[in-house]
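Peer 1: You'll find run.tsv just under this line, and it carries TSV, C-alpha atoms.
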```tsv
chain	number	residue	atom	x	y	z
A	4	MET	CA	41.68	-44.76	-3.45
A	5	VAL	CA	39.66	-46.72	-0.86
A	6	PHE	CA	41.46	-44.82	1.88
A	7	LEU	CA	40.60	-41.44	0.31
A	8	PHE	CA	36.94	-42.45	-0.05
A	9	LEU	CA	36.72	-43.51	3.59
A	10	LEU	CA	38.44	-40.29	4.66
A	11	ARG	CA	35.86	-38.26	2.72
A	12	VAL	CA	32.97	-40.17	4.34
A	13	TYR	CA	34.53	-39.70	7.77
A	14	THR	CA	34.88	-35.94	7.17
A	15	LEU	CA	31.25	-35.50	6.07
A	16	TRP	CA	29.99	-37.61	8.98
A	17	PHE	CA	31.84	-35.89	11.76
A	18	PHE	CA	32.09	-32.35	10.27
A	19	PRO	CA	28.64	-31.43	8.85
A	20	VAL	CA	28.56	-28.61	6.32
A	21	SER	CA	27.12	-25.17	7.00
A	22	PRO	CA	23.69	-24.22	5.53
A	23	GLY	CA	25.37	-21.96	2.96
A	24	THR	CA	27.70	-24.74	1.87
A	25	TRP	CA	24.74	-27.13	1.72
A	26	ILE	CA	22.87	-24.78	-0.61
A	27	THR	CA	25.90	-24.58	-2.90
A	28	MET	CA	26.24	-28.37	-2.90
A	29	ALA	CA	22.50	-28.80	-3.46
A	30	ALA	CA	22.52	-26.41	-6.40
A	31	THR	CA	25.15	-28.55	-8.11
A	32	ARG	CA	22.73	-31.48	-7.67
A	33	ASN	CA	19.82	-29.41	-9.02
A	34	VAL	CA	17.83	-29.66	-5.76
A	35	MET	CA	16.95	-27.12	-3.12
A	36	ARG	CA	15.12	-26.65	0.17
A	37	ALA	CA	11.48	-25.63	-0.11
A	38	VAL	CA	8.44	-25.53	2.18
A	39	ARG	CA	5.76	-27.83	0.81
A	40	VAL	CA	2.06	-28.06	1.65
A	41	LEU	CA	0.82	-31.59	0.96
A	42	GLU	CA	-2.61	-31.09	2.53
A	43	PHE	CA	-4.65	-28.13	3.73
A	44	GLY	CA	-4.73	-27.52	7.47
A	45	GLY	CA	-3.01	-25.75	10.36
A	46	PRO	CA	0.57	-24.46	10.41
A	47	GLU	CA	1.84	-27.99	11.05
A	48	VAL	CA	1.13	-28.95	7.41
A	49	LEU	CA	4.07	-26.76	6.33
A	50	LYS	CA	6.89	-29.22	5.65
A	51	LEU	CA	10.47	-28.19	4.84
A	52	GLN	CA	11.92	-30.58	2.27
A	53	SER	CA	15.53	-30.62	1.13
A	54	ASP	CA	15.19	-32.57	-2.11
A	55	VAL	CA	12.91	-30.35	-4.19
A	56	LEU	CA	14.02	-29.83	-7.78
A	57	ILE	CA	15.17	-26.31	-8.62
A	58	PRO	CA	12.64	-25.04	-11.19
A	59	ASP	CA	13.76	-24.12	-14.70
A	60	PRO	CA	12.66	-20.73	-16.03
A	61	LYS	CA	10.50	-21.20	-19.10
A	62	GLU	CA	9.49	-18.64	-21.70
A	63	ASN	CA	9.00	-15.17	-20.14
A	64	GLN	CA	10.06	-16.43	-16.73
A	65	VAL	CA	12.85	-15.53	-14.30
A	66	LEU	CA	14.68	-17.83	-11.86
A	67	ILE	CA	15.60	-16.02	-8.64
A	68	LYS	CA	17.98	-17.03	-5.85
A	69	VAL	CA	15.83	-16.12	-2.86
A	70	HIS	CA	17.47	-13.97	-0.18
A	71	ALA	CA	14.22	-13.12	1.66
A	72	CYS	CA	10.51	-13.85	1.29
A	73	GLY	CA	7.66	-11.93	2.88
A	74	VAL	CA	5.03	-13.73	4.96
A	75	ASN	CA	1.46	-12.49	4.47
A	76	PRO	CA	-1.71	-13.33	6.44
A	77	VAL	CA	-3.45	-14.40	3.23
A	78	GLU	CA	-0.93	-17.24	2.93
A	79	THR	CA	-2.23	-18.70	6.19
A	80	TYR	CA	-5.82	-18.55	4.90
A	81	ILE	CA	-4.82	-20.31	1.67
A	82	ARG	CA	-2.86	-22.94	3.61
A	83	SER	CA	-5.88	-23.65	5.82
A	84	GLY	CA	-8.06	-24.40	2.81
A	85	ASN	CA	-10.64	-21.81	3.86
A	86	TYR	CA	-9.84	-19.26	1.17
A	87	ALA	CA	-11.57	-18.75	-2.16
A	88	ARG	CA	-8.34	-19.42	-4.04
A	89	LYS	CA	-7.05	-22.95	-3.50
A	90	PRO	CA	-3.85	-23.96	-5.26
A	91	ALA	CA	-3.39	-27.51	-6.48
A	92	LEU	CA	-1.61	-29.71	-3.94
A	93	PRO	CA	1.23	-30.01	-3.27
A	94	TYR	CA	2.45	-26.42	-3.47
A	95	THR	CA	4.99	-24.01	-2.00
A	96	PRO	CA	3.59	-20.75	-0.51
A	97	GLY	CA	5.11	-17.31	-0.96
A	98	SER	CA	4.65	-14.41	-3.35
A	99	ASP	CA	6.92	-11.61	-2.14
A	100	VAL	CA	10.46	-12.66	-2.99
A	101	ALA	CA	13.62	-10.56	-3.05
A	102	GLY	CA	16.88	-11.88	-4.36
A	103	VAL	CA	19.25	-12.16	-7.31
A	104	VAL	CA	18.43	-13.36	-10.82
A	105	GLU	CA	19.96	-16.78	-11.38
A	106	GLY	CA	18.69	-17.28	-14.93
A	107	VAL	CA	16.05	-16.21	-17.42
A	108	GLY	CA	13.84	-17.97	-19.94
A	109	GLU	CA	13.37	-17.18	-23.59
A	110	HIS	CA	12.25	-13.68	-24.59
A	111	VAL	CA	13.23	-12.13	-21.23
A	112	THR	CA	15.21	-8.98	-21.98
A	113	ALA	CA	14.49	-6.78	-18.95
A	114	PHE	CA	16.59	-8.88	-16.55
A	115	LYS	CA	19.88	-10.77	-16.59
A	116	LYS	CA	21.80	-13.00	-14.23
A	117	GLY	CA	23.04	-11.07	-11.20
A	118	ASP	CA	20.28	-8.42	-11.15
A	119	ARG	CA	18.75	-7.56	-7.77
A	120	VAL	CA	14.96	-7.95	-7.97
A	121	PHE	CA	11.71	-8.30	-6.03
A	122	THR	CA	8.39	-9.87	-7.00
A	123	ILE	CA	4.67	-9.49	-6.38
A	124	ALA	CA	3.93	-13.11	-7.31
A	125	THR	CA	5.78	-16.35	-7.98
A	126	ILE	CA	4.96	-19.43	-10.00
A	127	SER	CA	6.88	-22.02	-7.98
A	128	GLY	CA	6.51	-20.42	-4.51
A	129	GLY	CA	8.79	-18.17	-2.50
A	130	TYR	CA	9.33	-20.20	0.70
A	131	ALA	CA	12.37	-21.80	-0.92
A	132	ASP	CA	16.02	-21.34	-1.86
A	133	TYR	CA	15.03	-20.57	-5.47
A	134	ALA	CA	11.81	-19.37	-7.07
A	135	VAL	CA	10.50	-18.88	-10.60
A	136	ALA	CA	8.33	-15.86	-11.38
A	137	ALA	CA	6.72	-14.45	-14.51
A	138	ALA	CA	8.90	-11.65	-15.87
A	139	ASN	CA	6.03	-9.14	-15.65
A	140	LYS	CA	5.75	-9.83	-11.89
A	141	VAL	CA	9.44	-9.05	-11.31
A	142	PHE	CA	10.84	-5.57	-10.64
A	143	PRO	CA	14.32	-4.12	-10.12
A	144	LEU	CA	15.33	-3.73	-6.48
A	145	SER	CA	17.05	-0.43	-5.78
A	146	ASP	CA	20.37	-0.41	-3.96
A	147	LYS	CA	18.63	1.88	-1.47
A	148	LEU	CA	16.85	-1.16	-0.02
A	149	ASP	CA	18.20	-4.46	1.30
A	150	PHE	CA	16.71	-7.84	0.43
A	151	ARG	CA	14.58	-8.01	3.56
A	152	GLN	CA	13.01	-4.67	2.65
A	153	GLY	CA	12.58	-5.87	-0.91
A	154	ALA	CA	10.59	-8.84	0.36
A	155	ALA	CA	8.32	-6.41	2.24
A	156	ILE	CA	7.19	-4.48	-0.85
A	157	GLY	CA	4.99	-6.83	-2.90
A	158	ILE	CA	1.56	-7.59	-1.47
A	159	PRO	CA	1.67	-4.94	1.32
A	160	TYR	CA	2.51	-1.90	-0.82
A	161	PHE	CA	0.55	-2.94	-3.90
A	162	THR	CA	-2.49	-3.64	-1.69
A	163	ALA	CA	-2.15	-0.33	0.16
A	164	TYR	CA	-1.89	1.64	-3.07
A	165	ARG	CA	-4.86	-0.21	-4.57
A	166	ALA	CA	-6.96	0.37	-1.45
A	167	LEU	CA	-6.17	4.08	-1.28
A	168	PHE	CA	-6.39	5.10	-4.93
A	169	GLN	CA	-7.77	2.44	-7.23
A	170	LYS	CA	-10.64	1.53	-4.91
A	171	GLY	CA	-10.75	4.32	-2.32
A	172	CYS	CA	-10.30	7.20	-4.82
A	173	ALA	CA	-8.21	9.09	-2.27
A	174	LYS	CA	-7.33	12.72	-2.96
A	175	ALA	CA	-4.79	15.07	-1.47
A	176	GLY	CA	-6.30	16.95	1.45
A	177	GLU	CA	-8.59	14.10	2.50
A	178	SER	CA	-8.17	12.21	5.76
A	179	VAL	CA	-7.48	8.48	6.14
A	180	LEU	CA	-7.61	6.25	9.20
A	181	VAL	CA	-5.40	3.18	8.92
A	182	HIS	CA	-6.96	0.71	11.34
A	183	GLY	CA	-4.09	-1.60	12.28
A	184	ALA	CA	-1.28	0.56	11.01
A	185	SER	CA	1.80	-1.14	12.44
A	186	GLY	CA	1.77	-4.19	10.14
A	187	GLY	CA	3.07	-4.53	6.60
A	188	VAL	CA	0.03	-3.12	4.78
A	189	GLY	CA	-0.56	-0.53	7.51
A	190	ILE	CA	2.95	0.93	7.35
A	191	ALA	CA	2.73	0.96	3.56
A	192	ALA	CA	-0.62	2.79	3.66
A	193	CYS	CA	0.74	5.41	6.06
A	194	GLN	CA	3.84	6.10	3.94
A	195	ILE	CA	1.90	6.28	0.67
A	196	ALA	CA	-0.93	8.41	2.04
A	197	ARG	CA	1.44	10.89	3.69
A	198	ALA	CA	3.54	11.21	0.53
A	199	CYS	CA	0.39	11.88	-1.50
A	200	GLY	CA	-0.87	14.70	0.71
A	201	LEU	CA	-3.49	13.02	2.91
A	202	LYS	CA	-4.06	13.61	6.61
A	203	VAL	CA	-3.03	10.28	8.13
A	204	LEU	CA	-4.39	8.75	11.34
A	205	GLY	CA	-3.38	5.29	12.51
A	206	THR	CA	-4.02	2.76	15.25
A	207	ALA	CA	-1.72	0.20	16.87
A	208	GLY	CA	-1.83	-1.99	19.96
A	209	THR	CA	1.54	-1.36	21.63
A	210	ALA	CA	3.69	1.64	22.48
A	211	GLU	CA	6.37	0.33	20.11
A	212	GLY	CA	3.82	-0.06	17.33
A	213	MET	CA	2.40	3.41	17.90
A	214	ASN	CA	5.84	5.00	17.70
A	215	MET	CA	6.55	3.07	14.50
A	216	VAL	CA	3.34	4.36	12.94
A	217	LEU	CA	4.24	7.95	13.81
A	218	ARG	CA	7.72	7.52	12.33
A	219	ASN	CA	6.23	6.26	9.08
A	220	GLY	CA	3.82	8.98	8.07
A	221	ALA	CA	0.96	9.21	10.55
A	222	HIS	CA	0.06	12.65	11.90
A	223	GLN	CA	-1.71	11.09	14.90
A	224	VAL	CA	-1.91	7.58	16.35
A	225	PHE	CA	-4.34	5.87	18.75
A	226	ASN	CA	-4.03	2.73	20.88
A	227	HIS	CA	-6.76	0.34	19.74
A	228	ARG	CA	-6.37	-1.68	22.95
A	229	GLU	CA	-7.73	1.22	25.00
A	230	ALA	CA	-11.44	0.92	25.75
A	231	ASN	CA	-12.21	4.52	24.77
A	232	TYR	CA	-9.98	4.88	21.72
A	233	ILE	CA	-12.97	5.30	19.39
A	234	ASP	CA	-14.09	8.30	21.45
A	235	LYS	CA	-10.59	9.75	21.17
A	236	ILE	CA	-10.69	9.42	17.39
A	237	LYS	CA	-14.09	11.13	17.26
A	238	GLU	CA	-12.81	13.92	19.48
A	239	TYR	CA	-9.75	14.39	17.26
A	240	THR	CA	-11.70	14.43	13.98
A	241	GLY	CA	-14.60	16.53	15.29
A	242	MET	CA	-17.97	16.54	13.52
A	243	GLY	CA	-16.49	15.73	10.13
A	244	GLY	CA	-15.08	12.27	10.67
A	245	VAL	CA	-12.58	10.67	8.30
A	246	ASP	CA	-12.93	10.30	4.55
A	247	ILE	CA	-11.34	6.85	4.17
A	248	ILE	CA	-10.67	3.95	6.51
A	249	ILE	CA	-8.19	1.23	5.57
A	250	GLU	CA	-9.46	-1.72	7.61
A	251	MET	CA	-7.24	-4.70	8.46
A	252	LEU	CA	-9.64	-6.50	10.85
A	253	SER	CA	-13.13	-5.80	9.58
A	254	ASN	CA	-14.74	-8.64	11.53
A	255	ILE	CA	-13.96	-6.64	14.68
A	256	ASN	CA	-14.05	-3.00	13.58
A	257	LEU	CA	-16.47	-2.58	10.67
A	258	ALA	CA	-19.53	-1.58	12.70
A	259	THR	CA	-17.62	1.14	14.56
A	260	ASP	CA	-15.82	2.20	11.37
A	261	LEU	CA	-19.17	3.33	9.96
A	262	GLN	CA	-19.56	5.65	12.95
A	263	LEU	CA	-16.23	7.34	12.22
A	264	LEU	CA	-16.82	8.28	8.59
A	265	ASN	CA	-17.41	11.68	7.07
A	266	TYR	CA	-20.24	12.22	4.56
A	267	GLY	CA	-19.46	10.11	1.52
A	268	GLY	CA	-16.81	8.25	3.51
A	269	ARG	CA	-15.39	4.93	2.33
A	270	VAL	CA	-14.26	1.84	4.24
A	271	MET	CA	-11.72	-0.28	2.37
A	272	VAL	CA	-11.82	-3.85	3.67
A	273	VAL	CA	-8.29	-5.21	3.37
A	274	GLY	CA	-8.44	-7.89	6.07
A	275	CYS	CA	-11.14	-10.06	7.64
A	276	ARG	CA	-11.04	-13.16	9.84
A	277	GLY	CA	-14.73	-13.88	10.30
A	278	PRO	CA	-18.29	-12.51	10.14
A	279	ILE	CA	-19.66	-9.36	11.76
A	280	GLU	CA	-23.12	-7.84	12.13
A	281	ILE	CA	-23.60	-4.23	10.99
A	282	ASN	CA	-26.58	-1.91	10.64
A	283	PRO	CA	-26.92	-0.93	6.94
A	284	ARG	CA	-28.74	2.23	8.07
A	285	ASP	CA	-25.33	3.52	9.20
A	286	THR	CA	-24.27	3.66	5.55
A	287	MET	CA	-27.45	5.52	4.58
A	288	SER	CA	-27.10	8.35	7.09
A	289	LYS	CA	-23.86	9.55	5.48
A	290	GLU	CA	-24.10	7.83	2.08
A	291	SER	CA	-20.96	5.95	2.98
A	292	SER	CA	-19.69	2.82	1.28
A	293	ILE	CA	-17.88	-0.41	2.10
A	294	THR	CA	-15.55	-1.85	-0.54
A	295	GLY	CA	-13.60	-5.09	-0.49
A	296	VAL	CA	-10.02	-4.96	-1.74
A	297	SER	CA	-8.29	-7.89	-3.43
A	298	LEU	CA	-4.96	-7.49	-5.17
A	299	PHE	CA	-5.58	-10.81	-6.92
A	300	LEU	CA	-8.34	-9.14	-8.96
A	301	ALA	CA	-6.23	-6.22	-10.16
A	302	THR	CA	-5.77	-5.96	-13.91
A	303	GLU	CA	-2.32	-5.87	-15.48
A	304	GLU	CA	-2.84	-2.15	-16.14
A	305	GLU	CA	-3.70	-1.54	-12.48
A	306	LYS	CA	-0.65	-3.50	-11.30
A	307	HIS	CA	1.53	-1.50	-13.69
A	308	GLU	CA	0.08	1.72	-12.21
A	309	CYS	CA	0.93	0.48	-8.71
A	310	ALA	CA	4.45	-0.51	-9.72
A	311	THR	CA	5.17	2.84	-11.37
A	312	ALA	CA	4.04	4.79	-8.31
A	313	LEU	CA	5.94	2.58	-5.86
A	314	LEU	CA	9.19	2.50	-7.83
A	315	ASP	CA	8.99	6.30	-7.96
A	316	GLY	CA	8.50	6.27	-4.18
A	317	ILE	CA	11.63	4.19	-3.67
A	318	GLU	CA	13.68	6.60	-5.74
A	319	ALA	CA	12.15	9.62	-4.00
A	320	GLY	CA	13.02	8.10	-0.63
A	321	TRP	CA	9.58	7.97	1.02
A	322	LEU	CA	8.97	4.27	0.42
A	323	LYS	CA	11.00	2.53	3.12
A	324	PRO	CA	9.62	-0.86	4.18
A	325	VAL	CA	9.89	-1.64	7.88
A	326	VAL	CA	10.97	-5.22	8.56
A	327	GLY	CA	9.69	-6.85	11.74
A	328	SER	CA	10.13	-10.48	12.77
A	329	GLU	CA	12.60	-12.62	10.85
A	330	TYR	CA	12.52	-16.43	10.67
A	331	PRO	CA	14.69	-19.06	8.99
A	332	LEU	CA	12.87	-21.52	6.72
A	333	GLU	CA	13.14	-24.10	9.51
A	334	LYS	CA	10.84	-21.91	11.66
A	335	VAL	CA	8.10	-21.43	9.04
A	336	VAL	CA	5.47	-23.12	11.26
A	337	LYS	CA	6.24	-20.62	14.03
A	338	ALA	CA	6.03	-17.75	11.53
A	339	HIS	CA	2.52	-18.79	10.44
A	340	GLU	CA	1.45	-19.09	14.07
A	341	ASP	CA	2.84	-15.71	15.04
A	342	ILE	CA	1.46	-13.71	12.11
A	343	ILE	CA	-2.09	-14.61	13.22
A	344	HIS	CA	-1.74	-14.97	16.98
A	345	GLY	CA	1.19	-12.65	17.73
A	346	GLY	CA	0.87	-9.90	20.30
A	347	GLY	CA	0.98	-6.97	17.87
A	348	ALA	CA	2.41	-6.26	14.45
A	349	ARG	CA	5.73	-4.43	14.18
A	350	GLY	CA	6.49	-4.18	10.48
A	351	LYS	CA	6.72	-6.88	7.83
A	352	MET	CA	7.44	-10.50	8.72
A	353	VAL	CA	10.02	-12.20	6.49
A	354	LEU	CA	11.55	-15.64	5.97
A	355	LEU	CA	15.30	-15.86	5.36
A	356	PRO	CA	16.32	-19.01	3.41
```
Kindly present the structure from the file in structure tokens form.

Peer 2:
Amino acid sequence: MVFLFLLRVYTLWFFPVSPGTWITMAATRNVMRAVRVLEFGGPEVLKLQSDVLIPDPKENQVLIKVHACGVNPVETYIRSGNYARKPALPYTPGSDVAGVVEGVGEHVTAFKKGDRVFTIATISGGYADYAVAAANKVFPLSDKLDFRQGAAIGIPYFTAYRALFQKGCAKAGESVLVHGASGGVGIAACQIARACGLKVLGTAGTAEGMNMVLRNGAHQVFNHREANYIDKIKEYTGMGGVDIIIEMLSNINLATDLQLLNYGGRVMVVGCRGPIEINPRDTMSKESSITGVSLFLATEEEKHECATALLDGIEAGWLKPVVGSEYPLEKVVKAHEDIIHGGGARGKMVLLP
């Protein structure tokens, strides 16, 4: 018996197990890997721990084996401590999970073990091997999409739909400029707007990004790194301007956005990384408006409206998330650095546990 024990120790010491085997072993011990934030700060505060307890699904909750988790800019703002919403420390980031149901709590009838699903929010955090989510924040993932695409739906597509229709009151036949169209929300906005009959213009900062925007619904695309790209947009739209602008970087673009609007035009502020000075008179001359967009403030009815439209889009075939950079959990610090300081968005960034 002593010999067999020593042989087992020798085997584990000199022949380490693969990550997949480790996860299986960890699950039998009721622990998992998860990224934990113990204090607010820069990307370096993201710590991958391997001894976090796997959460139990309580009443009206679903436990999901995470296959992919989307990374969103808002998660970097929350992590830094400079966002209005501050979770209690410690916490695990991540809302947009895609994976397989591992278990369900009491009163959950819509899902069962083995179902493919995606989420728009989690309770325990998605940067982990397993995550718990409220059942009403979980949706079936069509076989038409893989898990990486499933992890790209949540915040980007729900935010894009909310910006266009619930806040922007977009109508078929109107024009929309998606300012920063090659990222997760931008691609989503282009696909949704095109499917709903809008004239879609987009901007991106690289040739690859511009081609991606054109492939995903835009009628015309402009390079926002060119000094005269605003003049090109004005030339393209003529005297009318655009009806709606979906703005990802309002601290840079908002003042010029107001110059691009049609009468009664609307700017939907989806992203902002600092202050900007504007002339309010520019809103008066065309009776234009500036509206902030926050998915966190959507009612349950509004989220249900979003979900219905997007699930229909998946089945119809026009909702096809574009996945960009992929990172293992071990590279989460790099992911948070790149999503803010990268050289240009190219689809949705995802973590792969």

Peer 1: Could you tell me which of A:Asn265, A:Asn139, A:Ser127, A:Ser83 comes closest to Glu304 of chain A if we count all atoms listed in the file?

Peer 2: A:Asn139

Peer 1: Might you pull out every residue within 10 Å of segment 220-228 of chain A, with only C-alpha atoms counted and same-chain residues fewer than 3 positions away left off, and present them as a ChimeraX atom specification?

Peer 2: /A:179-184,190-198,201-210,212-217,231-233,235-236,239,321

Peer 1: Take atom CA of Leu322 of chain A and atom CA of Val107 of chain A and report the distance between them in Å, one decimal.

Peer 2: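 Between atom CA of Leu322 of chain A and atom CA of Val107 of chain A the gap is 28.1 Å.
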
Peer 1: Rounded to one decimal in Å, what is the spacing between atom CA of Asp246 of chain A and atom CA of Gly157 of chain A?

Peer 2: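 Atom-to-atom, atom CA of Asp246 of chain A to atom CA of Gly157 of chain A, that is 25.9 Å.
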
Peer 1: List every protein, DNA or RNA residue that has at least one atom no more than 9 Å from (15.5, -30.1, -3.4) in the file's coordinates, counting all atoms listed in the file, and write the result as a PDB file with C-alpha atoms, in the coordinates of the input.

Peer 2:
```pdb
ATOM      1  CA  ALA A  29      22.500 -28.800  -3.460  1.00  0.00           C
ATOM      2  CA  ALA A  30      22.520 -26.410  -6.400  1.00  0.00           C
ATOM      3  CA  ARG A  32      22.730 -31.480  -7.670  1.00  0.00           C
ATOM      4  CA  ASN A  33      19.820 -29.410  -9.020  1.00  0.00           C
ATOM      5  CA  VAL A  34      17.830 -29.660  -5.760  1.00  0.00           C
ATOM      6  CA  MET A  35      16.950 -27.120  -3.120  1.00  0.00           C
ATOM      7  CA  ARG A  36      15.120 -26.650   0.170  1.00  0.00           C
ATOM      8  CA  ALA A  37      11.480 -25.630  -0.110  1.00  0.00           C
ATOM      9  CA  GLN A  52      11.920 -30.580   2.270  1.00  0.00           C
ATOM     10  CA  SER A  53      15.530 -30.620   1.130  1.00  0.00           C
ATOM     11  CA  ASP A  54      15.190 -32.570  -2.110  1.00  0.00           C
ATOM     12  CA  VAL A  55      12.910 -30.350  -4.190  1.00  0.00           C
ATOM     13  CA  LEU A  56      14.020 -29.830  -7.780  1.00  0.00           C
ATOM     14  CA  ILE A  57      15.170 -26.310  -8.620  1.00  0.00           C
ATOM     15  CA  ASP A 132      16.020 -21.340  -1.860  1.00  0.00           C
TER      16      ASP A 132
END
```

Peer 1: Find the residues near Ala71 of chain A: any atom within 12 Å, counting only C-alpha atoms, skip ones fewer than 5 places away on the same chain, and give them as a ChimeraX atom specification.

Peer 2: /A:97-103,119-122,129-134,149-156,326,329-332,351-356

Peer 1: Which residue out of A:Asn63, A:Gln262, A:Thr311, A:Ser178 has the minimum interatomic distance to Ser288 of chain A when all atoms listed in the file are used?

Peer 2: A:Gln262

Peer 1: Using only C-alpha atoms, can you tell me which of A:Val335, A:Ser185, A:Asp146, A:Val69 comes closest to Val48 of chain A?

Peer 2: A:Val335

Peer 1: Go through A:Pro159, A:Phe114, A:Ala166, A:Phe43 one by one, measure the shortest atom-to-atom distance of each to Leu144 of chain A using all atoms listed in the file, and give the residue with the smallest value.

Peer 2: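 Of all the options, A:Phe114 lies closest to Leu144 of chain A.
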
Peer 1: Atom CA of Gly84 of chain A and atom CA of Gly44 of chain A are how many Å apart?

Peer 2: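 These atoms are spaced 6.5 Å apart.
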
Peer 1: I'd like to know which of A:Ser145, A:Gln169, A:Thr162, A:Ser291 is closest to Leu264 of chain A, using all atoms listed in the file.

Peer 2: A:Ser291

Peer 1: Show which residues sit within 8 Å of Leu252 of chain A, as a ChimeraX atom specification. Count only C-alpha atoms, and ignore same-chain residues fewer than 6 positions away.

Peer 2: /A:182-183,272-276

Peer 1: Under the rule that only C-alpha atoms are counted, which of A:Thr125, A:Glu280, A:Ala173, A:Phe161 is the nearest residue to Pro58 of chain A?

Peer 2: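 For Pro58 of chain A, the nearest of the candidates is A:Thr125.
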